[in-house]
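S.K.: Contents of start.txt (compact mmCIF, C-alpha atoms) are given next:
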```txt
# COMPACT_ATOMS: atom_id res chain seq x y z
CA MET A 27 42.32 55.33 103.47
CA ALA A 28 44.31 52.56 105.17
CA VAL A 29 43.81 52.06 108.89
CA ALA A 30 47.07 52.85 110.60
CA PRO A 31 48.14 50.89 113.67
CA ILE A 32 48.49 52.59 117.03
CA VAL A 33 52.09 53.16 118.02
CA ARG A 34 52.43 52.06 121.63
CA TYR A 35 56.15 52.90 121.71
CA MET A 36 58.64 54.39 119.30
CA ILE A 37 62.15 54.11 120.69
CA LEU A 38 65.50 55.25 119.34
CA CYS A 39 68.27 53.35 121.03
CA ASP A 40 71.60 51.58 120.65
CA ASP A 41 70.13 48.10 120.90
CA TRP A 42 67.40 45.94 122.36
CA GLU A 43 67.03 42.47 123.67
CA ALA A 44 63.93 40.33 123.62
CA ASP A 45 63.34 38.56 126.91
CA ALA A 46 63.12 34.84 126.22
CA ASP A 47 61.18 34.21 129.44
CA HIS A 48 58.60 36.93 129.05
CA GLU A 49 56.77 37.41 125.79
CA GLN A 50 56.63 40.99 124.55
CA ARG A 51 59.17 42.27 127.04
CA PHE A 52 62.24 44.07 125.82
CA THR A 53 65.36 45.34 127.50
CA ILE A 54 66.41 48.62 125.91
CA HIS A 55 70.07 49.58 125.76
CA GLY A 56 71.22 53.16 125.21
CA LEU A 57 67.91 54.97 124.89
CA MET A 58 68.77 58.09 122.91
CA THR A 59 67.37 61.55 122.31
CA GLY A 60 70.32 62.96 120.43
CA ILE A 61 73.67 62.34 118.80
CA ARG A 62 76.85 64.29 119.43
CA SER A 63 79.31 64.19 116.56
CA VAL A 64 82.88 63.45 117.59
CA ASP A 65 84.19 63.75 114.03
CA ASP A 66 86.49 66.53 112.90
CA PRO A 67 84.93 68.41 111.17
CA PRO A 68 81.70 67.35 112.92
CA TYR A 69 79.51 67.61 109.80
CA PRO A 70 78.46 66.13 107.50
CA LEU A 71 78.13 63.22 109.88
CA LEU A 72 77.98 59.60 108.80
CA TYR A 73 76.09 57.72 111.51
CA GLU A 74 76.77 54.03 111.20
CA GLU A 75 73.38 52.66 112.17
CA LEU A 76 70.20 54.27 113.43
CA ARG A 77 68.06 51.80 115.35
CA ILE A 78 64.38 52.28 115.92
CA LEU A 79 62.08 49.92 117.79
CA LEU A 80 58.31 50.21 117.36
CA LEU A 81 55.63 48.40 119.27
CA LEU A 82 52.40 48.53 117.28
CA THR A 83 48.89 47.43 118.01
CA GLU A 84 45.43 47.53 116.43
CA GLY A 85 46.87 47.01 112.98
CA TYR A 86 44.67 45.62 110.24
CA GLU A 87 45.93 42.97 107.83
CA ALA A 88 49.14 44.41 106.31
CA GLY A 89 50.72 47.68 105.29
CA ASP A 90 53.93 49.34 104.20
CA ALA A 91 56.07 50.69 107.01
CA GLN A 92 58.87 53.17 106.51
CA ILE A 93 61.13 55.46 108.52
CA ILE A 94 61.80 58.97 107.22
CA CYS A 95 64.19 61.46 108.79
CA VAL A 96 63.34 65.15 108.40
CA HIS A 97 65.38 68.22 109.30
CA GLU A 98 62.92 70.22 111.44
CA GLU A 99 64.20 73.72 110.68
CA THR A 100 63.97 73.38 106.91
CA ASP A 101 61.37 70.62 106.76
CA ILE A 102 63.60 68.81 104.26
CA ARG A 103 63.54 65.03 104.15
CA MET A 104 67.11 63.85 104.57
CA PHE A 105 66.93 60.11 104.21
CA GLY A 106 64.69 57.18 104.83
CA SER A 107 64.37 53.44 104.82
CA PRO A 108 62.81 51.46 101.99
CA LYS A 109 59.19 50.48 102.56
CA HIS A 110 58.75 47.19 104.40
CA ARG A 111 55.62 45.11 104.57
CA VAL A 112 54.29 44.58 108.08
CA VAL A 113 51.71 41.84 108.58
CA PHE A 114 49.34 41.93 111.55
CA SER A 115 47.68 38.96 113.09
CA ALA A 116 43.91 38.51 113.29
CA ASP A 117 43.98 39.56 116.95
CA PRO A 118 43.60 43.37 116.91
CA VAL A 119 45.08 43.89 120.36
CA ALA A 120 48.17 41.82 119.70
CA ILE A 121 51.42 43.74 119.93
CA VAL A 122 53.61 43.64 116.85
CA SER A 123 57.18 44.68 117.38
CA VAL A 124 58.95 46.10 114.36
CA ALA A 125 62.59 47.08 114.40
CA PHE A 126 64.50 49.12 111.84
CA ARG A 127 68.28 49.18 111.55
CA ILE A 128 69.13 51.87 109.04
CA LYS A 129 72.76 51.88 108.00
CA ASP A 130 74.90 54.80 106.83
CA CYS A 131 72.69 57.69 107.85
CA ARG A 132 74.06 61.06 106.72
CA PHE A 133 73.33 64.23 108.62
CA PRO A 134 74.51 67.34 106.75
CA GLN A 135 74.39 69.66 109.76
CA SER A 136 73.62 69.90 113.45
CA GLY A 137 70.13 70.78 114.67
CA LEU A 138 66.82 69.18 115.42
CA TYR A 139 65.64 66.29 113.28
CA SER A 140 62.42 64.33 113.37
CA VAL A 141 62.54 60.57 112.93
CA GLN A 142 59.14 59.66 111.57
CA PHE A 143 57.29 56.39 111.24
CA TRP A 144 55.11 56.24 108.13
CA TYR A 145 52.51 53.60 107.48
CA ASP A 146 50.75 53.26 104.12
CA GLY A 147 51.62 56.82 103.16
CA GLN A 148 50.71 58.57 106.40
CA MET A 149 52.89 59.74 109.24
CA VAL A 150 51.85 57.87 112.36
CA ALA A 151 54.48 58.77 114.95
CA GLU A 152 57.67 60.77 115.30
CA CYS A 153 60.61 61.08 117.64
CA PRO A 154 62.78 64.19 117.93
CA LEU A 155 66.51 63.66 117.51
CA ARG A 156 68.95 66.47 118.29
CA LEU A 157 72.29 66.45 116.50
CA ARG A 158 75.10 68.40 118.14
CA MET B 6 66.50 46.16 99.29
CA GLY B 7 66.47 45.58 103.01
CA GLN B 8 67.08 42.24 104.56
CA ARG B 9 64.26 40.81 106.68
CA VAL B 10 65.15 38.82 109.77
CA ILE B 11 62.92 37.24 112.39
CA ILE B 12 64.78 38.02 115.58
CA ASN B 13 62.91 36.01 118.18
CA PRO B 14 60.51 33.22 117.36
CA ASN B 15 59.14 33.34 120.94
CA LEU B 16 57.49 36.65 120.30
CA ARG B 17 54.22 36.79 118.48
CA ILE B 18 55.40 38.77 115.46
CA THR B 19 58.73 40.46 115.78
CA GLU B 20 60.36 41.66 112.63
CA GLU B 21 63.64 43.39 112.10
CA PHE B 22 64.37 45.31 108.93
CA VAL B 23 68.00 45.93 108.10
CA CYS B 24 68.58 48.39 105.31
CA GLU B 25 70.77 51.18 104.01
CA ALA B 26 69.54 54.75 104.33
CA ILE B 27 68.11 56.09 101.08
CA PRO B 28 69.19 59.73 100.70
CA SER B 29 66.67 62.29 99.48
CA GLU B 30 67.31 64.39 96.36
CA GLU B 31 67.56 67.46 98.60
CA LEU B 32 70.27 65.88 100.70
CA LEU B 33 72.24 64.87 97.61
CA LEU B 34 72.07 68.41 96.27
CA MET B 35 73.53 70.04 99.39
CA PRO B 36 77.03 71.42 98.69
CA ILE B 37 78.37 69.95 101.93
CA MET B 38 77.39 66.49 100.67
CA ALA B 39 79.40 66.77 97.41
CA GLN B 40 81.68 63.84 98.23
CA TYR B 41 78.76 61.65 99.32
CA ARG B 42 76.79 62.57 96.18
CA VAL B 43 79.59 61.26 93.95
CA GLU B 44 80.05 58.11 96.04
CA TYR B 45 76.30 57.50 95.90
CA LEU B 46 76.14 58.06 92.13
CA TRP B 47 79.03 55.64 91.57
CA LYS B 48 77.35 53.07 93.80
CA GLY B 49 74.21 53.31 91.65
CA ILE B 50 76.18 53.21 88.39
CA GLU B 51 78.18 50.16 89.48
CA ALA B 52 75.04 48.36 90.64
CA ILE B 53 73.44 48.76 87.19
CA LEU B 54 76.67 47.80 85.41
CA ARG B 55 77.04 44.71 87.59
CA ARG B 56 73.44 43.69 86.91
CA GLU B 57 73.85 44.02 83.15
CA SER B 58 77.37 42.66 82.82
CA PRO B 59 78.67 41.15 86.10
CA ALA B 60 82.39 41.40 85.32
CA PHE B 61 82.17 44.88 83.87
CA PRO B 62 82.82 47.10 86.93
CA SER B 63 86.14 45.37 87.54
CA LYS B 64 87.23 46.35 84.02
CA LEU B 65 86.94 50.04 84.85
CA ALA B 66 90.14 51.85 85.74
CA PRO B 67 91.33 51.35 89.33
CA PRO B 68 91.31 54.30 91.76
CA ALA B 69 93.87 57.08 91.35
CA SER B 70 96.40 57.14 94.18
CA ASN B 71 96.80 60.19 96.42
CA GLU B 72 100.17 60.78 94.77
CA VAL B 73 98.64 60.87 91.28
CA ILE B 74 95.96 63.31 92.45
CA ALA B 75 98.55 65.49 94.22
CA GLU B 76 100.64 65.60 91.05
CA LEU B 77 97.58 66.50 88.96
CA GLU B 78 96.61 69.31 91.35
CA LYS B 79 100.17 70.60 91.31
CA SER B 80 99.99 70.76 87.54
CA ILE B 81 96.46 72.07 86.84
CA GLY B 82 95.39 73.53 90.19
CA PRO B 83 92.97 72.37 92.89
CA LEU B 84 90.34 69.89 91.70
CA PRO B 85 86.65 70.18 92.62
CA VAL B 86 85.64 67.79 95.41
CA GLU B 87 83.39 65.85 93.04
CA LEU B 88 86.16 65.20 90.52
CA LYS B 89 88.69 64.27 93.19
CA THR B 90 86.22 61.84 94.80
CA SER B 91 85.42 60.30 91.44
CA LEU B 92 89.09 59.79 90.53
CA LYS B 93 89.57 58.05 93.88
CA ILE B 94 86.86 55.58 92.84
CA HIS B 95 87.77 55.09 89.17
CA ASN B 96 90.58 56.93 87.44
CA GLY B 97 88.64 57.16 84.18
CA GLN B 98 86.98 54.34 82.28
CA GLY B 99 90.14 52.39 81.60
CA GLU B 100 90.06 50.20 78.50
CA THR B 101 86.29 49.83 78.52
CA ASN B 102 85.46 53.02 76.59
CA TRP B 103 81.86 52.51 77.53
CA VAL B 104 81.09 56.22 77.75
CA PRO B 105 81.44 57.69 74.25
CA GLU B 106 81.96 61.27 75.49
CA LEU B 107 85.38 61.06 77.13
CA SER B 108 84.86 64.36 78.90
CA LEU B 109 82.12 62.81 81.06
CA LEU B 110 84.48 60.32 82.66
CA PRO B 111 88.04 61.62 82.33
CA SER B 112 91.16 60.01 83.74
CA SER B 113 94.00 61.89 85.44
CA THR B 114 96.10 61.55 82.26
CA GLU B 115 93.34 63.04 80.11
CA LEU B 116 92.85 65.82 82.65
CA MET B 117 96.54 66.60 82.63
CA GLU B 118 96.33 67.15 78.85
CA LYS B 119 92.97 68.90 78.80
CA PRO B 120 92.09 70.31 82.25
CA GLU B 121 88.88 71.92 80.98
CA ILE B 122 87.16 68.53 80.51
CA GLY B 123 86.91 68.17 84.28
CA SER B 124 85.08 71.44 84.82
CA ASN B 125 81.61 69.95 85.18
CA HIS B 126 82.25 66.40 86.24
CA ALA B 127 79.43 66.22 88.80
CA ALA B 128 76.82 66.98 86.16
CA GLY B 129 78.46 64.49 83.79
CA LEU B 130 78.33 61.72 86.35
CA HIS B 131 74.72 62.53 87.08
CA LEU B 132 73.96 62.30 83.35
CA ILE B 133 75.63 58.88 83.09
CA HIS B 134 73.59 57.67 86.07
CA GLN B 135 70.36 58.99 84.55
CA ARG B 136 71.05 57.40 81.17
CA LEU B 137 71.83 54.05 82.74
CA GLU B 138 68.64 54.19 84.80
CA ALA B 139 66.69 55.04 81.65
CA GLY B 140 68.17 51.99 79.90
CA GLN B 141 70.05 54.10 77.34
CA PHE B 142 72.82 51.58 76.74
CA ARG B 143 73.43 48.36 74.88
CA VAL B 144 75.51 45.26 75.40
CA ASP B 145 77.58 44.56 72.29
CA ALA B 146 78.46 41.21 70.69
CA TRP B 147 81.49 40.81 73.00
CA GLY B 148 79.43 41.37 76.12
CA ASN B 149 80.73 44.90 76.60
CA LEU B 150 78.37 47.55 77.81
CA VAL B 151 78.18 50.73 75.75
CA LEU B 152 76.31 53.83 76.81
CA ASP B 153 74.26 55.44 74.04
CA PRO B 154 75.77 58.74 72.88
CA ILE B 155 73.91 61.90 73.90
CA GLY B 156 70.99 62.65 71.61
CA VAL B 157 70.33 59.05 70.57
```
Would you mind writing the file out in structure tokens?

M.R.:
Amino acid sequence: MAVAPIVRYMILCDDWEADADHEQRFTIHGLMTGIRSVDDPPYPLLYEELRILLLLTEGYEAGDAQIICVHEETDIRMFGSPKHRVVFSADPVAIVSVAFRIKDCRFPQSGLYSVQFWYDGQMVAECPLRLR
Amino acid sequence: MGQRVIINPNLRITEEFVCEAIPSEELLLMPIMAQYRVEYLWKGIEAILRRESPAFPSKLAPPASNEVIAELEKSIGPLPVELKTSLKIHNGQGETNWVPELSLLPSSTELMEKPEIGSNHAAGLHLIHQRLEAGQFRVDAWGNLVLDPIGV
């Protein structure tokens, strides 16, 4: 079985900014735990772009990273990203920052969702996301 | 496929993946997602058509206007969401005749004459998508794409 990296942070937010003066420092904008639909009718909701920032460490060589969004109540996978190859450096304690911008996310109904980070076929971390 | 962008060369390895959400089968089957399902199927169909014959999608019939759809509904009754969405993308196959079974991809004119051919449009569109993905089509001597008839 592939060795999964350790997820130091998994952040859902509006945007982020890398600090040019300080390596591995990010400014997070609009940290989010949920989404409130302002559409009429509110669902199904088309969310323009879901942004997820991951800071990973202790990764080995390379692996396929993917985001999958699951509706908690029914345990149904709603959507996901394609798999992307993440390459780690030889230094095991180096931090690798990986960002996903997933466009046109569709949520069929309100409720609790789980945004999951998968690496080489195993779920490594998840973030709850409440849709209202 | 997603686009890969290095966002800050100062950082050791920072990668940003920009992609479109891939819907699950379960999501596509939810009744509330009917409109999205048709849009998604058409997106897939057009992508395959474009790959095989780049100019082909533009030869399909243009979208039906709201007025045309309103007139059709006045004449034959309310249309299913799937059919209405599809007509708003392509009002039939135009002059291409690439789908041999006309009932799978009817236009508003054909529906006006034979309303029953629109009764199961969602399944028909799904079938077209499946057959394209399975490579069940050919490109003829004039560069036109023709879907294999059912059962071939």

S.K.: Skipping near chain neighbours, those fewer than 3 positions away, what residues fall within 10 Å of region 136-146 of chain B using all atoms listed in the file, listed as an MDAnalysis selection string?

M.R.: chainID B and resid 49:50 53:54 57:58 103:104 130:133 149:155 157

S.K.: I need the residue nearest Tyr41 (chain B) from this list: B:Ile27, B:Met117, B:Pro105, B:Glu87. Use only C-alpha atoms for the distance.

M.R.: B:Glu87

S.K.: I need the chain A residues near chain B as a PyMOL selection string; criterion: at most 8 Å, counting only C-alpha atoms.

M.R.: chain A and resi 44+46+49-50+70+102-108+110+114+120-132+134

S.K.: Have a look at CA of Val86 (chain B) and CA of Leu109 (chain B) and let me know their distance in Å, one decimal.

M.R.: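 Going from CA of Val86 (chain B) over to CA of Leu109 (chain B) covers 15.6 Å.
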
S.K.: For a quick check of understanding, using all atoms listed in the file, which of A:Glu98, A:Asp45, A:Asp90, A:Asp40 has the smallest distance to Leu76 (chain A)?

M.R.: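 Going through A:Glu98, A:Asp45, A:Asp90, A:Asp40 one by one, the smallest distance to Leu76 (chain A) is for A:Asp40.
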
S.K.: Could you give me, as a PyMOL selection string, the residues that sit within 12 Å of (90.8, 69.1, 81.1) in the file's coordinates, counting all atoms listed in the file?

M.R.: chain B and resi 77-78+80-82+84+88+107-126

S.K.: Of the candidates A:Gln135, A:Leu72, A:Leu79, A:Glu99, which shows the shortest atom-to-atom distance to Thr53 (chain A), using all atoms listed in the file?

M.R.: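 Among A:Gln135, A:Leu72, A:Leu79, A:Glu99, it is A:Leu79 that comes nearest to Thr53 (chain A).
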
S.K.: List every protein, DNA or RNA residue that has an atom no more than 7 Å from (74.7, 62.7, 115.6) in the file's coordinate frame, counting only C-alpha atoms, and report them as an NGL selection string.

M.R.: :A and (60-63 or 71 or 73 or 157-158)

S.K.: Between CA of Ile54 (chain A) and CA of Tyr145 (chain A), what is the distance in Å, rounded to a tenth?

M.R.: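 Taking CA of Ile54 (chain A) as the start and CA of Tyr145 (chain A) as the end point, the length is 23.6 Å.
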
S.K.: What's the 6 Å shell around His95 (chain B), counting all atoms listed in the file, without same-chain residues fewer than 6 positions away, as a list in words?

M.R.: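 The filter keeps Ala66, Pro67 and Pro68 of chain B.
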
S.K.: What does the distance between CA of Pro154 (chain A) and CA of Ser140 (chain A) come to in Å, to one decimal place?

M.R.: 4.6 Å

S.K.: Identify which of the residues A:Ile78, A:Ala30, A:Ala116, A:Cys39 lies closest to Ile93 (chain A), counting only C-alpha atoms when measuring atom-to-atom distances.

M.R.: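 Once distances to Ile93 (chain A) are computed over only C-alpha atoms, the minimum belongs to A:Ile78.
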